[in-house]
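Undergrad: Structure provided below as structure tokens; questions to follow.
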Amino acid sequence: MARDTSDSTPLASVEDMVAHIRAGEKPPERFRIGTEHEKFPFYVEDLSPVPYAGPRGIEQLLEGMRKLSGWEAILDDGRIIGLFGEEGQGAISLEPGGQFELSGAPLETIHDTCRESNRHLADVRSVAKDLGIGFLGMGSSPLWRLDETPRMPKSRYEIMARYMPKVGTRGLDMMFRTCTIQVNLDFSSEADMARKMRIGQCLQPVASALFANSPFTDGAPNGEQSWRSGVWLDVDNNRSGLLPAAFEPGYTYRDYVEWALDVPMYFVTREGRYHDATTVTFRQFCDGALEGRLPDARPNLGDWTNHLSTLFPDVRLKRFLEMRGADGGPWRGICALPAYWVGLLYDETALGEADALTVGWTFEEVDALRSAVPKLGLDAPFRGGRILDVARATLEIARGGLKRRARLNEDGDDETHFLAPLEEVAARGTTAASTLLRLYEEQWNRSMERVFKHLTY
């Protein structure tokens, strides 16, 4: 999320919270695609991480991007921590360890989102070159220890960093040492949301396997294909993972809201200041638990919007659905992720086929698959076969969905070619992580420098 929300509209009831989500409904002809991707900045001369401050730090990188783009600065306690453009232009934000994120605009086609990523990467390279900074496309930082990783001066992250070790063993790794590609998709009704939520949860481990790209930690192989996905198994299980109720028929906006109400908060913002609220749930906040601790302890719509942004289920519901299972990766992956999910979920025939493929999958089965994928990738067992078999079936469905969408570029090409990186992975039957490990062991003489060179944008 690029910036936290300020909206003092009072919340009078749970129905107000439900209505906020329901307001995201759109007719299919207005469906859009919002692609987000993160990348690790590093100094080219020695592969070290980039701190916030200093003459070649991330602060200067953001200032350079501000001057180039004309976008407005997002400030936190007077420090620039992001940028946002005019309506419909997207935003740039910092993750806790300096991961540099583009939160893309809501666009009509994969062609558009790929052009957007191209422009962004060209711009950021042009600014970063004079600073000696490069950008790495991986799901986890392969070289720097946690204590070597810089921390960005963002108030919400200070609160999160104090809280994470209390609720899981991997929260700080998630914050400071992982990167993702994510796509945000629309829904037309409550039933459409529920259908896409269930399918998205079932197939998120499949996406994690297809995009597995984090086999190194602390300068050596870590024994996993998607270390990032493994990290998410023990970050904060109150607010992340799968939602059991979404596997049941008749899932509603209110079901999600009721779950969210009982998740502990991170913070409340008042008059530009962040107040630690990790000791209460949002429901307790509504019941007056922060009276006397805030200038105004009545919950408002901004508080609710911010709280929704601090929940981390595999499929997150706001006024759209966020698909959150993929490792960060090279440029082709930035375009492939939205192609995969749009192909599955934005064509009615494909949606029906994905529904039929996953019908009857239980929470327990998917949860076990989610736990197996980090280490085993496409070889994770599922229903007498491998997840590779499911991945191939989903890619066939997605290709058909994109072909029927028939969104053509100026050369008359549809969106199906954006699936090529995933189809290559499925045809080989091995993940990008497996390929990296083979190159590292057999051709690169265990050189981490070669890993960086191979995956630098």
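Each chain in the structure tokens gets a letter, A, B, ..., in the order shown, and its residues are numbered from 1; ligands are numbered from 1 in order too.
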Per residue of range 300-333 of chain A within 12 Å of range 423-445 of chain A, record the nearest atom pair and its distance in Å to one decimal, counting only C-alpha atoms, with rows in chain order and ascending residue number, as CSV.

TA:
residue,atom,partner,partner_atom,distance
A:Asp327,CA,A:Ala433,CA,10.3
A:Gly328,CA,A:Ala432,CA,11.2
A:Gly329,CA,A:Ala432,CA,9.1
A:Pro330,CA,A:Ala432,CA,10.2
A:Arg332,CA,A:Glu424,CA,11.7
A:Gly333,CA,A:Ala432,CA,10.5

Undergrad: If you run DSSP on this backbone, which residues of range 69-284 of chain A come out as strand (DSSP E), and could you give them as JSON, numbers by chain?

TA: {"A": [72, 73, 74, 75, 76, 79, 80, 81, 82, 83, 84, 91, 92, 93, 94, 100, 101, 102, 103, 133, 134, 135, 136, 180, 181, 182, 183, 184, 185, 216, 217, 220, 221, 240, 241, 267, 268, 269, 270, 273, 274, 275, 276]}

Undergrad: Within 9 Å of Phe382 in chain A, counting only C-alpha atoms, which residues qualify if same-chain residues fewer than 5 places away don't, as a list of chain:residue names?

TA: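 Listed by chain and then number, they are A:Glu365, A:Val366, A:Leu369, A:Ile387, A:Asp389, A:Val390.
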
Undergrad: Since we have the selection now, will you write its residues out, keeping C-alpha atoms, as a compact mmCIF listing (two decimals), in the first residue's frame?

TA:
# COMPACT_ATOMS: atom_id res chain seq x y z
CA GLU A 365 -6.02 -30.17 1.48
CA VAL A 366 -5.10 -26.68 0.34
CA LEU A 369 -0.41 -28.03 -0.19
CA ILE A 387 0.78 -29.88 -8.26
CA ASP A 389 -0.52 -31.46 -13.14
CA VAL A 390 -2.85 -28.84 -11.69

Undergrad: Measuring between only C-alpha atoms, which one of A:Pro299, A:Gly343, A:Pro221, A:Gly200 shows the shortest distance to Trp361 in chain A?

TA: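 Among A:Pro299, A:Gly343, A:Pro221, A:Gly200, it is A:Gly200 that comes nearest to Trp361 in chain A.
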
Undergrad: Can you pull out every residue within 12 Å of Leu172 in chain A, counting only C-alpha atoms, but drop anything in the same chain fewer than 2 positions away, and send it as a PyMOL selection string?

TA: chain A and resi 95-97+145-147+149+151+157-170+174-178+228+231-232+234-236

Undergrad: Kindly export the residues of the current selection with N, CA and C atoms, as an mmCIF file, in the first residue's frame.

TA:
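So the final result, stored in part-v9.cif, reads:
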data_model
loop_
_atom_site.group_PDB
_atom_site.id
_atom_site.type_symbol
_atom_site.label_atom_id
_atom_site.label_comp_id
_atom_site.auth_asym_id
_atom_site.auth_seq_id
_atom_site.Cartn_x
_atom_site.Cartn_y
_atom_site.Cartn_z
ATOM 1 N N GLU A 95 8.904 -0.728 0.914
ATOM 2 C CA GLU A 95 8.670 -1.771 1.885
ATOM 3 C C GLU A 95 9.714 -1.639 3.002
ATOM 4 N N PRO A 96 9.566 -2.384 4.097
ATOM 5 C CA PRO A 96 10.371 -2.118 5.290
ATOM 6 C C PRO A 96 11.879 -2.185 5.102
ATOM 7 N N GLY A 97 12.379 -3.091 4.248
ATOM 8 C CA GLY A 97 13.809 -3.234 4.056
ATOM 9 C C GLY A 97 14.347 -2.474 2.855
ATOM 10 N N ARG A 145 22.124 -10.740 5.489
ATOM 11 C CA ARG A 145 21.498 -11.199 6.726
ATOM 12 C C ARG A 145 20.454 -10.171 7.179
ATOM 13 N N LEU A 146 19.585 -10.609 8.056
ATOM 14 C CA LEU A 146 18.561 -9.705 8.576
ATOM 15 C C LEU A 146 19.191 -8.496 9.245
ATOM 16 N N ASP A 147 20.285 -8.704 9.998
ATOM 17 C CA ASP A 147 20.904 -7.577 10.700
ATOM 18 C C ASP A 147 21.714 -6.677 9.766
ATOM 19 N N THR A 149 20.317 -5.753 6.815
ATOM 20 C CA THR A 149 19.302 -5.156 5.957
ATOM 21 C C THR A 149 18.865 -3.806 6.519
ATOM 22 N N ARG A 151 16.643 -0.449 7.431
ATOM 23 C CA ARG A 151 15.252 -0.246 7.830
ATOM 24 C C ARG A 151 14.798 1.134 7.373
ATOM 25 N N TYR A 157 6.005 0.797 10.007
ATOM 26 C CA TYR A 157 6.944 -0.311 10.052
ATOM 27 C C TYR A 157 7.625 -0.422 11.405
ATOM 28 N N GLU A 158 7.825 0.701 12.083
ATOM 29 C CA GLU A 158 8.390 0.639 13.425
ATOM 30 C C GLU A 158 7.457 -0.121 14.369
ATOM 31 N N ILE A 159 6.160 0.145 14.238
ATOM 32 C CA ILE A 159 5.167 -0.552 15.065
ATOM 33 C C ILE A 159 5.137 -2.037 14.706
ATOM 34 N N MET A 160 5.129 -2.347 13.406
ATOM 35 C CA MET A 160 5.088 -3.738 12.967
ATOM 36 C C MET A 160 6.326 -4.513 13.429
ATOM 37 N N ALA A 161 7.498 -3.874 13.325
ATOM 38 C CA ALA A 161 8.738 -4.568 13.688
ATOM 39 C C ALA A 161 8.772 -4.919 15.175
ATOM 40 N N ARG A 162 8.183 -4.071 16.009
ATOM 41 C CA ARG A 162 8.106 -4.399 17.446
ATOM 42 C C ARG A 162 7.119 -5.530 17.698
ATOM 43 N N TYR A 163 6.057 -5.570 16.915
ATOM 44 C CA TYR A 163 4.962 -6.501 17.172
ATOM 45 C C TYR A 163 5.227 -7.894 16.590
ATOM 46 N N MET A 164 5.850 -7.965 15.428
ATOM 47 C CA MET A 164 5.973 -9.237 14.706
ATOM 48 C C MET A 164 6.575 -10.363 15.539
ATOM 49 N N PRO A 165 7.675 -10.142 16.277
ATOM 50 C CA PRO A 165 8.247 -11.262 17.033
ATOM 51 C C PRO A 165 7.326 -11.805 18.121
ATOM 52 N N LYS A 166 6.279 -11.091 18.466
ATOM 53 C CA LYS A 166 5.345 -11.553 19.489
ATOM 54 C C LYS A 166 4.343 -12.563 18.945
ATOM 55 N N VAL A 167 4.164 -12.614 17.622
ATOM 56 C CA VAL A 167 3.073 -13.410 17.049
ATOM 57 C C VAL A 167 3.539 -14.447 16.032
ATOM 58 N N GLY A 168 4.840 -14.556 15.802
ATOM 59 C CA GLY A 168 5.358 -15.536 14.856
ATOM 60 C C GLY A 168 6.876 -15.464 14.816
ATOM 61 N N THR A 169 7.475 -16.440 14.151
ATOM 62 C CA THR A 169 8.940 -16.501 14.104
ATOM 63 C C THR A 169 9.531 -15.890 12.832
ATOM 64 N N ARG A 170 8.697 -15.591 11.817
ATOM 65 C CA ARG A 170 9.242 -15.184 10.519
ATOM 66 C C ARG A 170 8.784 -13.794 10.082
ATOM 67 N N MET A 174 9.776 -11.640 6.657
ATOM 68 C CA MET A 174 8.773 -11.206 5.687
ATOM 69 C C MET A 174 8.912 -9.729 5.388
ATOM 70 N N MET A 175 9.030 -8.920 6.436
ATOM 71 C CA MET A 175 9.065 -7.481 6.253
ATOM 72 C C MET A 175 10.293 -7.023 5.486
ATOM 73 N N PHE A 176 11.450 -7.525 5.882
ATOM 74 C CA PHE A 176 12.717 -6.954 5.422
ATOM 75 C C PHE A 176 13.393 -7.727 4.294
ATOM 76 N N ARG A 177 12.977 -8.989 4.080
ATOM 77 C CA ARG A 177 13.782 -9.805 3.161
ATOM 78 C C ARG A 177 12.954 -10.524 2.098
ATOM 79 N N THR A 178 11.745 -10.089 1.817
ATOM 80 C CA THR A 178 10.955 -10.728 0.764
ATOM 81 C C THR A 178 10.421 -9.694 -0.217
ATOM 82 N N ARG A 228 10.328 -17.464 0.333
ATOM 83 C CA ARG A 228 9.331 -16.455 0.678
ATOM 84 C C ARG A 228 8.014 -17.113 1.102
ATOM 85 N N VAL A 231 8.331 -18.502 4.531
ATOM 86 C CA VAL A 231 8.281 -17.454 5.557
ATOM 87 C C VAL A 231 6.839 -17.181 5.971
ATOM 88 N N TRP A 232 5.949 -17.145 4.996
ATOM 89 C CA TRP A 232 4.552 -16.803 5.290
ATOM 90 C C TRP A 232 3.828 -17.868 6.122
ATOM 91 N N ASP A 234 4.682 -18.787 9.004
ATOM 92 C CA ASP A 234 4.714 -18.430 10.431
ATOM 93 C C ASP A 234 5.059 -16.948 10.604
ATOM 94 N N VAL A 235 4.248 -16.104 10.016
ATOM 95 C CA VAL A 235 4.381 -14.655 10.204
ATOM 96 C C VAL A 235 3.454 -14.194 11.320
ATOM 97 N N ASP A 236 2.185 -14.395 11.120
ATOM 98 C CA ASP A 236 1.158 -14.030 12.110
ATOM 99 C C ASP A 236 -0.112 -14.713 11.646
#

Undergrad: Pick out the residues sitting within 9 Å of Arg125 in chain A, and hand them over as a VMD selection string; count only C-alpha atoms, and ignore anything fewer than 6 positions along from it in its own chain.

TA: chain A and resid 133 to 135 457

Undergrad: For the selection just defined, write its residues with N, CA and C atoms to a file, as a CSV table (one decimal), in the first residue's frame.

TA:
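Wrote it out as part.csv, contents follow:
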chain,number,residue,atom,x,y,z
A,133,ILE,N,23.1,2.2,-8.3
A,133,ILE,CA,22.2,1.3,-7.8
A,133,ILE,C,21.6,0.4,-8.9
A,134,GLY,N,21.5,-0.9,-8.6
A,134,GLY,CA,20.8,-1.8,-9.5
A,134,GLY,C,19.6,-2.4,-8.7
A,135,PHE,N,18.7,-3.1,-9.4
A,135,PHE,CA,17.5,-3.7,-8.8
A,135,PHE,C,17.4,-5.2,-9.2
A,457,TYR,N,17.3,-6.2,-13.1
A,457,TYR,CA,16.4,-5.6,-14.1
A,457,TYR,C,17.3,-4.7,-15.1

Undergrad: Interatomic distance between CA of Ala105 in chain A and CA of Thr35 in chain A?

TA: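 Computed distance, CA of Ala105 in chain A to CA of Thr35 in chain A, equals 7.4 Å.
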
Undergrad: Just want the 7 Å neighbourhood of range 57-63 of chain A, counted on only C-alpha atoms, with same-chain residues fewer than 6 positions away dropped. Output as a VMD selection string.

TA: chain A and resid 50 to 51 80 82 127 to 128

Undergrad: Applying 10 Å and only C-alpha atoms, which residues near Leu261 in chain A remain after dropping the ones on its own chain fewer than 2 positions away? List them as a tab-separated table (two decimals) with C-alpha atoms, in the first residue's frame.

TA:
chain	number	residue	atom	x	y	z
A	14	VAL	CA	-20.65	-3.18	11.06
A	17	MET	CA	-17.76	-1.62	7.03
A	256	TYR	CA	-14.80	-11.32	5.81
A	257	VAL	CA	-15.62	-8.25	7.90
A	258	GLU	CA	-16.41	-10.34	10.98
A	259	TRP	CA	-13.04	-12.11	10.60
A	263	VAL	CA	-7.73	-9.40	14.10
A	264	PRO	CA	-5.44	-7.23	16.27
A	265	MET	CA	-4.73	-3.80	14.84
A	281	THR	CA	-8.74	-5.85	17.84
A	282	PHE	CA	-10.76	-3.58	15.58
A	283	ARG	CA	-13.92	-4.85	17.30
A	284	GLN	CA	-12.52	-3.80	20.67
A	285	PHE	CA	-11.56	-0.44	19.17
A	286	CYS	CA	-15.21	-0.03	18.12
A	304	TRP	CA	-11.06	0.69	8.75
A	307	HIS	CA	-6.82	-1.97	9.06
A	308	LEU	CA	-7.86	-3.86	5.93

Undergrad: Mind checking DSSP for range 33-276 of chain A and telling me the alpha helix (DSSP H) residues as a ChimeraX atom specification?

TA: /A:58-69,110-129,155-167,171-177,190-210,227-231,253-261

Undergrad: Using only C-alpha atoms, which residue out of A:Leu233, A:Ala209, A:Leu357, A:Ser240 lies closest to Ala380 in chain A?

TA: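 Checking each candidate against Ala380 in chain A, we get A:Ala209 as the closest.
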